[in-house]
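Visitor: So that you have it, the file is model.cif, and it contains mmCIF, C-alpha atoms and all ligand atoms:
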```cif
data_input
#
loop_
_atom_site.label_atom_id
_atom_site.label_comp_id
_atom_site.auth_asym_id
_atom_site.auth_seq_id
_atom_site.Cartn_x
_atom_site.Cartn_y
_atom_site.Cartn_z
CA MET A 17 -43.45 152.24 -55.25
CA VAL A 18 -42.58 155.34 -53.26
CA ILE A 19 -39.19 156.94 -53.92
CA PHE A 20 -37.40 158.89 -51.19
CA LYS A 21 -34.28 160.95 -51.47
CA ASN A 22 -33.97 162.23 -47.95
CA VAL A 23 -33.54 160.56 -44.60
CA LYS A 24 -36.31 162.26 -42.62
CA ASP A 25 -39.04 161.37 -45.12
CA ILE A 26 -38.14 157.70 -45.48
CA GLN A 27 -37.77 157.30 -41.72
CA GLN A 28 -41.22 158.76 -41.14
CA PHE A 29 -42.75 156.56 -43.83
CA ILE A 30 -41.15 153.35 -42.52
CA SER A 31 -41.99 154.05 -38.91
CA ASP A 32 -45.65 154.69 -39.89
CA LYS A 33 -45.68 151.34 -41.74
CA LYS A 34 -44.12 149.54 -38.79
CA ALA A 35 -46.67 151.09 -36.45
CA LEU A 36 -49.33 149.38 -38.56
CA GLY A 37 -47.60 146.02 -38.05
CA SER A 38 -45.49 145.70 -41.22
CA LYS A 39 -42.05 144.10 -41.11
CA ALA A 40 -39.42 145.80 -43.22
CA GLY A 41 -37.13 143.77 -45.48
CA PHE A 42 -34.15 145.81 -46.69
CA ILE A 43 -32.07 145.27 -49.83
CA PRO A 44 -29.11 147.66 -50.07
CA THR A 45 -27.58 147.97 -53.55
CA MET A 46 -25.31 150.16 -55.64
CA GLY A 47 -27.69 150.14 -58.60
CA ALA A 48 -27.24 148.85 -62.17
CA LEU A 49 -29.73 146.25 -61.03
CA HIS A 50 -29.97 142.74 -62.47
CA ALA A 51 -31.84 139.52 -61.72
CA GLY A 52 -29.55 138.85 -58.73
CA HIS A 53 -30.69 142.03 -56.99
CA ILE A 54 -34.29 141.41 -57.99
CA SER A 55 -34.15 137.89 -56.49
CA LEU A 56 -33.50 139.55 -53.13
CA VAL A 57 -36.57 141.79 -53.54
CA GLU A 58 -38.62 138.75 -54.51
CA LYS A 59 -37.37 136.79 -51.52
CA ALA A 60 -38.31 139.64 -49.17
CA ARG A 61 -41.77 139.85 -50.71
CA HIS A 62 -42.14 136.08 -50.50
CA ASP A 63 -41.32 136.35 -46.78
CA GLY A 64 -44.19 138.82 -46.44
CA MET A 65 -41.96 141.85 -45.96
CA PHE A 66 -42.62 145.43 -46.73
CA THR A 67 -39.67 145.82 -49.12
CA VAL A 68 -37.22 148.69 -49.04
CA CYS A 69 -34.45 148.82 -51.64
CA SER A 70 -31.69 151.41 -51.64
CA ILE A 71 -29.53 152.49 -54.55
CA PHE A 72 -26.44 154.32 -53.39
CA LEU A 73 -23.11 154.21 -55.18
CA ASN A 74 -21.00 154.42 -52.05
CA PRO A 75 -17.76 156.29 -52.81
CA THR A 76 -16.03 155.11 -49.63
CA GLN A 77 -15.94 151.43 -50.54
CA PHE A 78 -14.06 151.83 -53.82
CA ASN A 79 -10.33 151.36 -53.40
CA ASN A 80 -9.90 151.87 -57.15
CA LYS A 81 -10.80 155.31 -58.56
CA SER A 82 -11.42 154.09 -62.09
CA ASP A 83 -13.71 151.29 -60.85
CA PHE A 84 -15.82 153.96 -59.09
CA GLU A 85 -15.86 156.32 -62.06
CA LYS A 86 -16.78 153.59 -64.52
CA TYR A 87 -19.31 151.81 -62.30
CA PRO A 88 -22.48 151.43 -64.42
CA VAL A 89 -25.39 153.73 -63.55
CA SER A 90 -28.92 153.07 -64.87
CA VAL A 91 -31.41 154.57 -62.42
CA GLU A 92 -34.36 154.67 -64.82
CA GLY A 93 -33.99 151.03 -65.81
CA ASP A 94 -33.49 150.14 -62.13
CA ILE A 95 -36.78 151.83 -61.20
CA GLU A 96 -38.57 149.88 -63.94
CA LEU A 97 -37.19 146.58 -62.63
CA LEU A 98 -38.13 147.41 -59.04
CA LEU A 99 -41.65 148.42 -60.07
CA LYS A 100 -42.07 145.15 -61.92
CA ALA A 101 -40.79 143.21 -58.91
CA GLY A 102 -43.34 144.92 -56.65
CA CYS A 103 -40.82 146.72 -54.44
CA ASP A 104 -42.57 149.07 -51.98
CA VAL A 105 -39.96 151.74 -51.30
CA LEU A 106 -36.84 152.92 -53.08
CA PHE A 107 -34.31 155.01 -51.19
CA LEU A 108 -32.19 157.03 -53.59
CA PRO A 109 -30.14 159.38 -51.42
CA PRO A 110 -27.46 161.85 -52.49
CA VAL A 111 -24.04 161.53 -50.81
CA SER A 112 -24.89 164.44 -48.46
CA GLU A 113 -27.78 162.48 -46.90
CA ILE A 114 -25.60 159.46 -46.17
CA TYR A 115 -22.52 161.38 -45.04
CA PRO A 116 -23.89 164.71 -43.72
CA ASP A 117 -20.58 165.50 -41.96
CA GLY A 118 -18.47 164.38 -44.92
CA VAL A 119 -17.07 160.98 -45.81
CA ASP A 120 -14.24 161.31 -43.28
CA HIS A 121 -16.57 161.78 -40.32
CA THR A 122 -18.37 158.50 -39.94
CA GLU A 123 -18.26 155.58 -37.60
CA THR A 124 -15.67 152.94 -38.52
CA PHE A 125 -15.48 149.33 -37.43
CA ASP A 126 -12.73 146.83 -36.87
CA PHE A 127 -13.50 143.61 -38.73
CA GLY A 128 -10.16 142.08 -37.68
CA TYR A 129 -9.26 138.87 -39.49
CA LEU A 130 -12.11 139.25 -42.01
CA ASP A 131 -10.56 142.48 -43.24
CA ALA A 132 -7.08 140.98 -43.50
CA ILE A 133 -7.73 138.16 -45.97
CA LEU A 134 -8.97 137.69 -49.57
CA GLU A 135 -11.05 140.77 -50.52
CA GLY A 136 -9.89 142.64 -47.42
CA ALA A 137 -6.22 142.08 -48.29
CA ARG A 138 -6.64 142.85 -52.02
CA ARG A 139 -8.93 145.85 -51.62
CA PRO A 140 -7.56 147.95 -48.74
CA GLY A 141 -10.27 150.13 -47.19
CA HIS A 142 -13.08 148.35 -49.04
CA PHE A 143 -14.74 146.73 -46.02
CA LYS A 144 -14.23 149.89 -43.97
CA GLY A 145 -16.40 151.64 -46.58
CA VAL A 146 -18.92 148.80 -46.63
CA GLY A 147 -19.17 149.01 -42.83
CA GLN A 148 -19.68 152.78 -42.92
CA VAL A 149 -22.45 152.72 -45.46
CA VAL A 150 -24.30 149.67 -44.17
CA ALA A 151 -24.22 150.99 -40.58
CA ARG A 152 -25.66 154.30 -41.76
CA LEU A 153 -28.31 152.66 -43.96
CA LEU A 154 -29.34 150.32 -41.13
CA ASP A 155 -29.69 153.31 -38.81
CA ILE A 156 -31.93 155.03 -41.35
CA VAL A 157 -34.08 152.10 -42.47
CA ARG A 158 -34.14 150.07 -39.20
CA PRO A 159 -35.16 146.89 -41.06
CA ASP A 160 -36.35 143.69 -39.44
CA PHE A 161 -34.61 141.63 -42.13
CA LEU A 162 -31.57 142.44 -44.23
CA TYR A 163 -31.29 140.54 -47.53
CA LEU A 164 -27.80 139.93 -48.93
CA GLY A 165 -26.41 137.87 -51.81
CA GLN A 166 -24.06 134.94 -51.29
CA LYS A 167 -22.19 136.19 -54.37
CA ASP A 168 -20.35 138.51 -51.96
CA TYR A 169 -19.61 135.81 -49.38
CA GLN A 170 -17.00 137.70 -47.38
CA GLN A 171 -19.13 140.84 -47.41
CA CYS A 172 -22.01 138.84 -45.88
CA MET A 173 -19.68 137.79 -43.07
CA VAL A 174 -18.46 141.36 -42.57
CA ILE A 175 -22.05 142.64 -42.38
CA ASN A 176 -23.00 139.86 -39.95
CA LYS A 177 -20.10 140.99 -37.80
CA LEU A 178 -21.18 144.63 -38.11
CA VAL A 179 -24.67 143.75 -36.91
CA ALA A 180 -23.10 141.85 -33.98
CA ILE A 181 -20.65 144.67 -33.09
CA ARG A 182 -23.53 147.13 -33.15
CA GLY A 183 -25.68 144.79 -31.04
CA MET A 184 -28.54 145.12 -33.54
CA LYS A 185 -30.46 142.15 -32.17
CA ASP A 186 -33.65 143.11 -33.99
CA VAL A 187 -32.01 142.81 -37.44
CA THR A 188 -31.92 139.32 -39.00
CA VAL A 189 -29.48 138.82 -41.87
CA LYS A 190 -30.66 136.55 -44.67
CA VAL A 191 -28.09 135.35 -47.18
CA CYS A 192 -29.68 134.39 -50.52
CA PRO A 193 -28.28 132.19 -53.32
CA THR A 194 -26.18 133.60 -56.15
CA VAL A 195 -28.13 134.13 -59.37
CA ARG A 196 -26.16 133.09 -62.45
CA GLU A 197 -26.20 133.47 -66.20
CA ALA A 198 -26.74 130.33 -68.33
CA ASP A 199 -22.98 129.66 -68.49
CA GLY A 200 -22.64 129.96 -64.72
CA LEU A 201 -21.27 133.52 -64.60
CA ALA A 202 -22.48 135.14 -61.38
CA MET A 203 -24.62 138.14 -62.25
CA SER A 204 -22.90 141.39 -61.37
CA SER A 205 -23.33 145.03 -62.28
CA ARG A 206 -19.72 145.03 -63.44
CA ASN A 207 -20.56 142.37 -66.07
CA ARG A 208 -22.06 145.21 -68.13
CA ARG A 209 -18.54 146.46 -68.70
CA LEU A 210 -17.27 143.18 -70.17
CA THR A 211 -16.39 143.19 -73.86
CA GLU A 212 -17.85 140.44 -76.03
CA SER A 213 -14.66 138.39 -75.82
CA GLN A 214 -14.33 138.89 -72.07
CA ARG A 215 -17.97 137.88 -71.62
CA ALA A 216 -17.32 134.74 -73.69
CA ILE A 217 -14.72 133.45 -71.20
CA ALA A 218 -16.28 134.81 -68.00
CA GLY A 219 -18.11 131.56 -67.19
CA THR A 220 -14.71 129.90 -66.63
CA ILE A 221 -14.60 131.18 -63.05
CA TYR A 222 -17.73 129.25 -62.12
CA GLN A 223 -16.51 126.18 -64.03
CA CYS A 224 -13.35 126.26 -61.90
CA LEU A 225 -15.42 126.49 -58.72
CA VAL A 226 -17.50 123.51 -59.83
CA SER A 227 -14.34 121.53 -60.59
CA ILE A 228 -12.98 122.31 -57.10
CA GLU A 229 -16.21 120.99 -55.63
CA SER A 230 -16.20 117.84 -57.76
CA LYS A 231 -12.57 116.98 -56.95
CA GLN A 232 -12.72 117.51 -53.19
CA ALA A 233 -12.82 113.79 -52.43
CA THR A 234 -10.12 112.75 -54.88
CA THR A 235 -7.47 115.42 -55.38
CA PRO A 236 -5.42 117.58 -53.01
CA PHE A 237 -6.52 121.21 -53.07
CA ALA A 238 -3.02 122.43 -54.04
CA ILE A 239 -3.29 120.47 -57.28
CA VAL A 240 -6.84 121.60 -58.06
CA ARG A 241 -5.86 125.19 -57.29
CA LYS A 242 -2.94 124.99 -59.73
CA GLU A 243 -5.20 123.46 -62.41
CA CYS A 244 -7.71 126.30 -61.95
CA GLU A 245 -5.02 128.99 -62.06
CA ASP A 246 -3.61 127.45 -65.24
CA ILE A 247 -7.05 127.28 -66.88
CA LEU A 248 -7.83 130.88 -65.92
CA VAL A 249 -4.48 132.11 -67.25
CA ALA A 250 -4.89 130.09 -70.46
CA LYS A 251 -8.25 131.82 -71.02
CA GLY A 252 -6.66 135.23 -70.53
CA PHE A 253 -7.53 135.98 -66.90
CA VAL A 254 -5.15 137.28 -64.30
CA PRO A 255 -6.17 135.29 -61.21
CA GLU A 256 -5.82 137.04 -57.84
CA TYR A 257 -6.74 134.11 -55.66
CA VAL A 258 -8.18 130.61 -55.85
CA ALA A 259 -8.87 129.88 -52.20
CA LEU A 260 -10.46 127.34 -49.91
CA ALA A 261 -11.82 128.35 -46.52
CA ASP A 262 -13.98 127.25 -43.64
CA ALA A 263 -17.48 128.34 -44.62
CA ARG A 264 -18.25 129.51 -41.05
CA ASP A 265 -15.31 131.80 -40.30
CA LEU A 266 -13.30 132.01 -43.54
CA ILE A 267 -10.22 130.48 -41.93
CA LEU A 268 -8.10 129.67 -44.98
CA LEU A 269 -7.44 125.97 -45.58
CA GLU A 270 -4.54 124.29 -47.33
CA ASN A 271 -6.54 121.18 -48.13
CA PHE A 272 -10.04 119.72 -48.14
CA GLU A 273 -11.23 118.39 -44.77
CA THR A 274 -13.97 115.80 -44.55
CA GLY A 275 -16.82 116.93 -42.35
CA ARG A 276 -15.76 120.59 -42.33
CA PRO A 277 -18.11 123.09 -44.05
CA MET A 278 -16.03 124.68 -46.79
CA VAL A 279 -16.28 127.41 -49.41
CA ALA A 280 -14.16 127.86 -52.52
CA LEU A 281 -13.57 131.44 -53.63
CA ILE A 282 -12.04 132.98 -56.74
CA ALA A 283 -11.11 136.51 -57.74
CA ALA A 284 -9.71 137.17 -61.19
CA TRP A 285 -9.18 140.05 -63.57
CA THR A 286 -10.21 140.09 -67.18
CA GLY A 287 -8.81 143.29 -68.66
CA GLU A 288 -9.69 146.00 -66.17
CA ILE A 289 -12.71 144.19 -64.74
CA ARG A 290 -12.30 142.26 -61.52
CA LEU A 291 -14.74 139.38 -61.02
CA ILE A 292 -15.37 137.41 -57.83
CA ASP A 293 -17.41 134.30 -57.16
CA ASN A 294 -17.69 131.44 -54.69
CA VAL A 295 -19.34 128.07 -54.14
CA VAL A 296 -20.14 126.44 -50.83
CA LEU A 297 -18.95 122.85 -51.16
CA GLU A 298 -21.67 120.24 -50.88
P1 LIG A 301 -24.26 145.47 -55.16
O1 LIG A 301 -25.23 146.34 -55.88
O2 LIG A 301 -23.26 144.80 -56.02
O3 LIG A 301 -23.65 146.17 -53.96
O4 LIG A 301 -25.12 144.27 -54.55
C1 LIG A 301 -26.23 144.49 -53.72
C2 LIG A 301 -26.66 143.18 -53.13
O5 LIG A 301 -27.03 142.28 -54.17
C3 LIG A 301 -25.55 142.50 -52.31
O6 LIG A 301 -26.12 141.88 -51.17
C4 LIG A 301 -25.03 141.48 -53.29
O7 LIG A 301 -24.41 140.36 -52.68
C5 LIG A 301 -26.31 141.06 -53.99
N1 LIG A 301 -26.02 140.45 -55.29
C6 LIG A 301 -25.19 140.93 -56.25
N2 LIG A 301 -25.10 140.05 -57.28
C7 LIG A 301 -25.89 138.99 -56.96
C8 LIG A 301 -26.21 137.75 -57.59
N3 LIG A 301 -25.70 137.43 -58.77
N4 LIG A 301 -27.05 136.91 -56.96
C9 LIG A 301 -27.57 137.22 -55.75
N5 LIG A 301 -27.31 138.37 -55.09
C10 LIG A 301 -26.48 139.24 -55.68
#
```
Can you dump the structure from the file as structure tokens?

Guide:
Amino acid sequence: MVIFKNVKDIQQFISDKKALGSKAGFIPTMGALHAGHISLVEKARHDGMFTVCSIFLNPTQFNNKSDFEKYPVSVEGDIELLLKAGCDVLFLPPVSEIYPDGVDHTETFDFGYLDAILEGARRPGHFKGVGQVVARLLDIVRPDFLYLGQKDYQQCMVINKLVAIRGMKDVTVKVCPTVREADGLAMSSRNRRLTESQRAIAGTIYQCLVSIESKQATTPFAIVRKECEDILVAKGFVPEYVALADARDLILLENFETGRPMVALIAAWTGEIRLIDNVVLE
């Protein structure tokens, strides 16, 4: 695996590879890698891609200072995992390579409705930061395929919109399944910050999502939502939302609709850790 820290070198390397006929599969991350991230590298390799992973803890997408300061960092362990997974290139830039004119001088995008609901509403400025960094990384890496995790469902939609706004017709977005722990907890870098007792209850979020799915044909969503909120509170969570939406455009729904593709989404706090997860209803 070749590691690059500056833009010029990685661009040269990737364009040489592409000239030889390789297709680049790109996996942007913020590090503290786990099996969820690695599944994206494996998928890209399985698709025959030349795999490029980036680790960049993007300061502009954190609306909460303490979340940024306490975000886990484990570059050496990350490199080990990527080596084992057979990743070809790691991009590990400093902030100055991503934002050469400073964080306040970058392109911003209007994601409209997508930025006004759920994560957008609860984390002001978050998707603006995601848009900034992903646009910049796409300009640098120029991938053929971009691999994202369904775990961040709304983020996938925002990035799809970014690619459309930018008219990047040569970039194909691939959304890959959420990798979970044995109790259903969606893997996340932030899980490393859970205490033992928080970790013990963390699977409840997924259990609630599964119960929403299983009750879609029998129970009004308002009732299932209340049951989930009550269960989460009883376990010690502070739920932010238990929501149902159209899986194609995230239009929020008051009730289940037969024949409509739907996704259930939950965000909840345990102590100072905020967890999110979702399930597309089958
Ligand atoms: P992050 O480092 O949290 O910014 O995540 C980098 C990429 O990995 C994003 O596309 C995430 O959606 C994806 N990802 C994070 N957790 C998981 C997971 N448990 N399963 C699959 N993909 C994930």

Visitor: Go through A:Ala259, A:Ile43, A:Ile228, A:Ala60 and flag the residue nearest Ile133 in chain A, using all atoms listed in the file for the distances.

Guide: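 Distance minimum relative to Ile133 in chain A lands on A:Ala259.
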
Visitor: Show me, as AutoDock Vina command-line options, the centre and edge lengths in Å to one decimal of the axis-aligned box that covers every listed atom of ligand LIG 301 (chain A) with 3 Å on each side.

Guide:
```
--center_x -25.4 --center_y 141.6 --center_z -55.0 --size_x 10.3 --size_y 15.4 --size_z 13.6
```

Visitor: Within 6 Å of ligand LIG 301 (chain A), which residues show up when you count only C-alpha atoms and all ligand atoms? List them as a PDB file with C-alpha atoms, in the coordinates of the input, please.

Guide:
```
ATOM      1  CA  PRO A  44     -29.110 147.660 -50.070  1.00  0.00           C
ATOM      2  CA  THR A  45     -27.580 147.970 -53.550  1.00  0.00           C
ATOM      3  CA  MET A  46     -25.310 150.160 -55.640  1.00  0.00           C
ATOM      4  CA  GLY A  47     -27.690 150.140 -58.600  1.00  0.00           C
ATOM      5  CA  GLY A  52     -29.550 138.850 -58.730  1.00  0.00           C
ATOM      6  CA  HIS A  53     -30.690 142.030 -56.990  1.00  0.00           C
ATOM      7  CA  LEU A 164     -27.800 139.930 -48.930  1.00  0.00           C
ATOM      8  CA  GLY A 165     -26.410 137.870 -51.810  1.00  0.00           C
ATOM      9  CA  GLN A 166     -24.060 134.940 -51.290  1.00  0.00           C
ATOM     10  CA  LYS A 167     -22.190 136.190 -54.370  1.00  0.00           C
ATOM     11  CA  ASP A 168     -20.350 138.510 -51.960  1.00  0.00           C
ATOM     12  CA  PRO A 193     -28.280 132.190 -53.320  1.00  0.00           C
ATOM     13  CA  THR A 194     -26.180 133.600 -56.150  1.00  0.00           C
ATOM     14  CA  VAL A 195     -28.130 134.130 -59.370  1.00  0.00           C
ATOM     15  CA  ARG A 196     -26.160 133.090 -62.450  1.00  0.00           C
ATOM     16  CA  ALA A 202     -22.480 135.140 -61.380  1.00  0.00           C
ATOM     17  CA  MET A 203     -24.620 138.140 -62.250  1.00  0.00           C
ATOM     18  CA  SER A 204     -22.900 141.390 -61.370  1.00  0.00           C
TER      19      SER A 204
END
```

Visitor: A:Val226, A:Leu178, A:Ile239, A:Met65: which is nearest Glu298 in chain A, counting all atoms listed in the file?

Guide: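 Distance minimum relative to Glu298 in chain A lands on A:Val226.
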
Visitor: I want to know what sits within 12 Å of Ser82 in chain A, based on only C-alpha atoms, with residues of the same chain fewer than 4 positions away left out; could you give that as a list in words?

Guide: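 Residues meeting the cut-off are Pro75, Phe78, Lys86, Tyr87, Pro88, Glu288, Ile289 and Arg290 of chain A.
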
Visitor: Counting only C-alpha atoms, which residue out of A:Gln171, A:Thr67, A:Ser38, A:Ser227 sits closest to Val105 in chain A?

Guide: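 Between A:Gln171, A:Thr67, A:Ser38, A:Ser227, the residue approaching Val105 in chain A most closely is A:Thr67.
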
Visitor: So that I can see what lies close to Val279 in chain A, please list as a list in words the residues with an atom at most 6 Å from it, counting all atoms listed in the file and leaving out residues fewer than 5 positions away in the same chain.

Guide: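 In the requested format, the answer is Leu260, Ala261, Ala263, Val295, Val296 and Leu297 of chain A.
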
Visitor: Store the residues picked out above in a file with C-alpha atoms, as a CSV table (one decimal), in the coordinates of the input.

Guide:
```csv
chain,number,residue,atom,x,y,z
A,260,LEU,CA,-10.5,127.3,-49.9
A,261,ALA,CA,-11.8,128.4,-46.5
A,263,ALA,CA,-17.5,128.3,-44.6
A,295,VAL,CA,-19.3,128.1,-54.1
A,296,VAL,CA,-20.1,126.4,-50.8
A,297,LEU,CA,-19.0,122.8,-51.2
```

Visitor: With only C-alpha atoms as the atoms that count, which of A:Lys33, A:His142, A:His50, A:His121 lies nearest to Arg158 in chain A?

Guide: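 Closest residue, counting only C-alpha atoms: A:Lys33.
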
Visitor: Using only C-alpha atoms, which residue out of A:Ile221, A:Glu256, A:Val23, A:Leu266 lies closest to Asp131 in chain A?

Guide: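 Of A:Ile221, A:Glu256, A:Val23, A:Leu266, the one nearest Asp131 in chain A, counting only C-alpha atoms, is A:Leu266.
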
Visitor: Find the spatial neighbours of Phe272 in chain A, counting all atoms listed in the file, within a cut-off of 8 Å - ignore same-chain residues fewer than 4 positions away - and output them as a list of chain:residue names.

Guide: A:Gln232, A:Ala233, A:Pro236, A:Phe237, A:Leu260, A:Met278

Visitor: Please write the residues from the selection above to a file, keeping C-alpha atoms, as a compact mmCIF listing (two decimals), in the frame of the given file.

Guide:
```
# COMPACT_ATOMS: atom_id res chain seq x y z
CA GLN A 232 -12.72 117.51 -53.19
CA ALA A 233 -12.82 113.79 -52.43
CA PRO A 236 -5.42 117.58 -53.01
CA PHE A 237 -6.52 121.21 -53.07
CA LEU A 260 -10.46 127.34 -49.91
CA MET A 278 -16.03 124.68 -46.79
```

Visitor: If you measure from CA of Val189 in chain A to CA of Asn176 in chain A, what distance in Å do you get, rounded to one decimal?

Guide: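 CA of Val189 in chain A sits 6.8 Å away from CA of Asn176 in chain A.
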
Visitor: Could you give me, as a list of chain:residue names, the residues within 12 Å of Arg215 in chain A, counting all atoms listed in the file and dropping anything in the same chain fewer than 4 positions from it?

Guide: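 My list of contacting residues is A:Glu197, A:Asp199, A:Gly200, A:Leu201, A:Ala202, A:Met203, A:Ser204, A:Arg206, A:Asn207, A:Arg208, A:Arg209, A:Leu210, A:Thr211, A:Gly219, A:Thr220, A:Ile221, A:Lys251, A:Gly252, A:Phe253, A:Thr286, A:Gly287, A:Ile289, A:Leu291.
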
Visitor: Write the selection just made, keeping C-alpha atoms, as a PDB file, in the coordinates of the input?

Guide:
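Written out: selection19.pdb:
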```pdb
ATOM      1  CA  GLU A 197     -26.200 133.470 -66.200  1.00  0.00           C
ATOM      2  CA  ASP A 199     -22.980 129.660 -68.490  1.00  0.00           C
ATOM      3  CA  GLY A 200     -22.640 129.960 -64.720  1.00  0.00           C
ATOM      4  CA  LEU A 201     -21.270 133.520 -64.600  1.00  0.00           C
ATOM      5  CA  ALA A 202     -22.480 135.140 -61.380  1.00  0.00           C
ATOM      6  CA  MET A 203     -24.620 138.140 -62.250  1.00  0.00           C
ATOM      7  CA  SER A 204     -22.900 141.390 -61.370  1.00  0.00           C
ATOM      8  CA  ARG A 206     -19.720 145.030 -63.440  1.00  0.00           C
ATOM      9  CA  ASN A 207     -20.560 142.370 -66.070  1.00  0.00           C
ATOM     10  CA  ARG A 208     -22.060 145.210 -68.130  1.00  0.00           C
ATOM     11  CA  ARG A 209     -18.540 146.460 -68.700  1.00  0.00           C
ATOM     12  CA  LEU A 210     -17.270 143.180 -70.170  1.00  0.00           C
ATOM     13  CA  THR A 211     -16.390 143.190 -73.860  1.00  0.00           C
ATOM     14  CA  GLY A 219     -18.110 131.560 -67.190  1.00  0.00           C
ATOM     15  CA  THR A 220     -14.710 129.900 -66.630  1.00  0.00           C
ATOM     16  CA  ILE A 221     -14.600 131.180 -63.050  1.00  0.00           C
ATOM     17  CA  LYS A 251      -8.250 131.820 -71.020  1.00  0.00           C
ATOM     18  CA  GLY A 252      -6.660 135.230 -70.530  1.00  0.00           C
ATOM     19  CA  PHE A 253      -7.530 135.980 -66.900  1.00  0.00           C
ATOM     20  CA  THR A 286     -10.210 140.090 -67.180  1.00  0.00           C
ATOM     21  CA  GLY A 287      -8.810 143.290 -68.660  1.00  0.00           C
ATOM     22  CA  ILE A 289     -12.710 144.190 -64.740  1.00  0.00           C
ATOM     23  CA  LEU A 291     -14.740 139.380 -61.020  1.00  0.00           C
TER      24      LEU A 291
END
```

Visitor: List as a list of chain:residue names the residues having at least one atom at most 12 Å from position (-31.1, 155.2, -39.1) as given in the file, counting all atoms listed in the file.

Guide: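 Collected hits near the coordinates: A:Asn22, A:Val23, A:Lys24, A:Asp25, A:Ile26, A:Gln27, A:Gln28, A:Ile30, A:Ser31, A:Glu113, A:Ile114, A:Val149, A:Val150, A:Ala151, A:Arg152, A:Leu153, A:Leu154, A:Asp155, A:Ile156, A:Val157, A:Arg158, A:Pro159, A:Met184.
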
Visitor: Let me make sure I understand: among A:Arg276, A:Ile282, A:Lys59, A:Gln214, which one has the smallest atom-to-atom distance to Cys244 in chain A if we use all atoms listed in the file?

Guide: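 Smallest separation from Cys244 in chain A among the options: A:Ile282.
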
Visitor: Have a look at CA of Asp63 in chain A and CA of Arg182 in chain A and let me know their distance in Å, one decimal.

Guide: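 One can read the CA of Asp63 in chain A to CA of Arg182 in chain A distance as 24.9 Å.
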
Visitor: Find the residues around Gln170 in chain A up to 8 Å (all atoms listed in the file counted), leave out those fewer than 3 positions away in its own chain, and share them as a PyMOL selection string.

Guide: chain A and resi 130+135+173-174+266

Visitor: Every residue with an atom at most 12 Å from (-16.1, 161.4, -43.8) (file coordinates; all atoms listed in the file) is what I'm after, so could you write them as number ranges by chain?

Guide: A: 74-76, 111-112, 114-124, 144-145, 148-149

Visitor: Quick check, in Å to one decimal: how far apart do CA of Ile95 in chain A and CA of Gly64 in chain A lie?

Guide: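 Rounded to one decimal, the two atoms are 21.0 Å apart.
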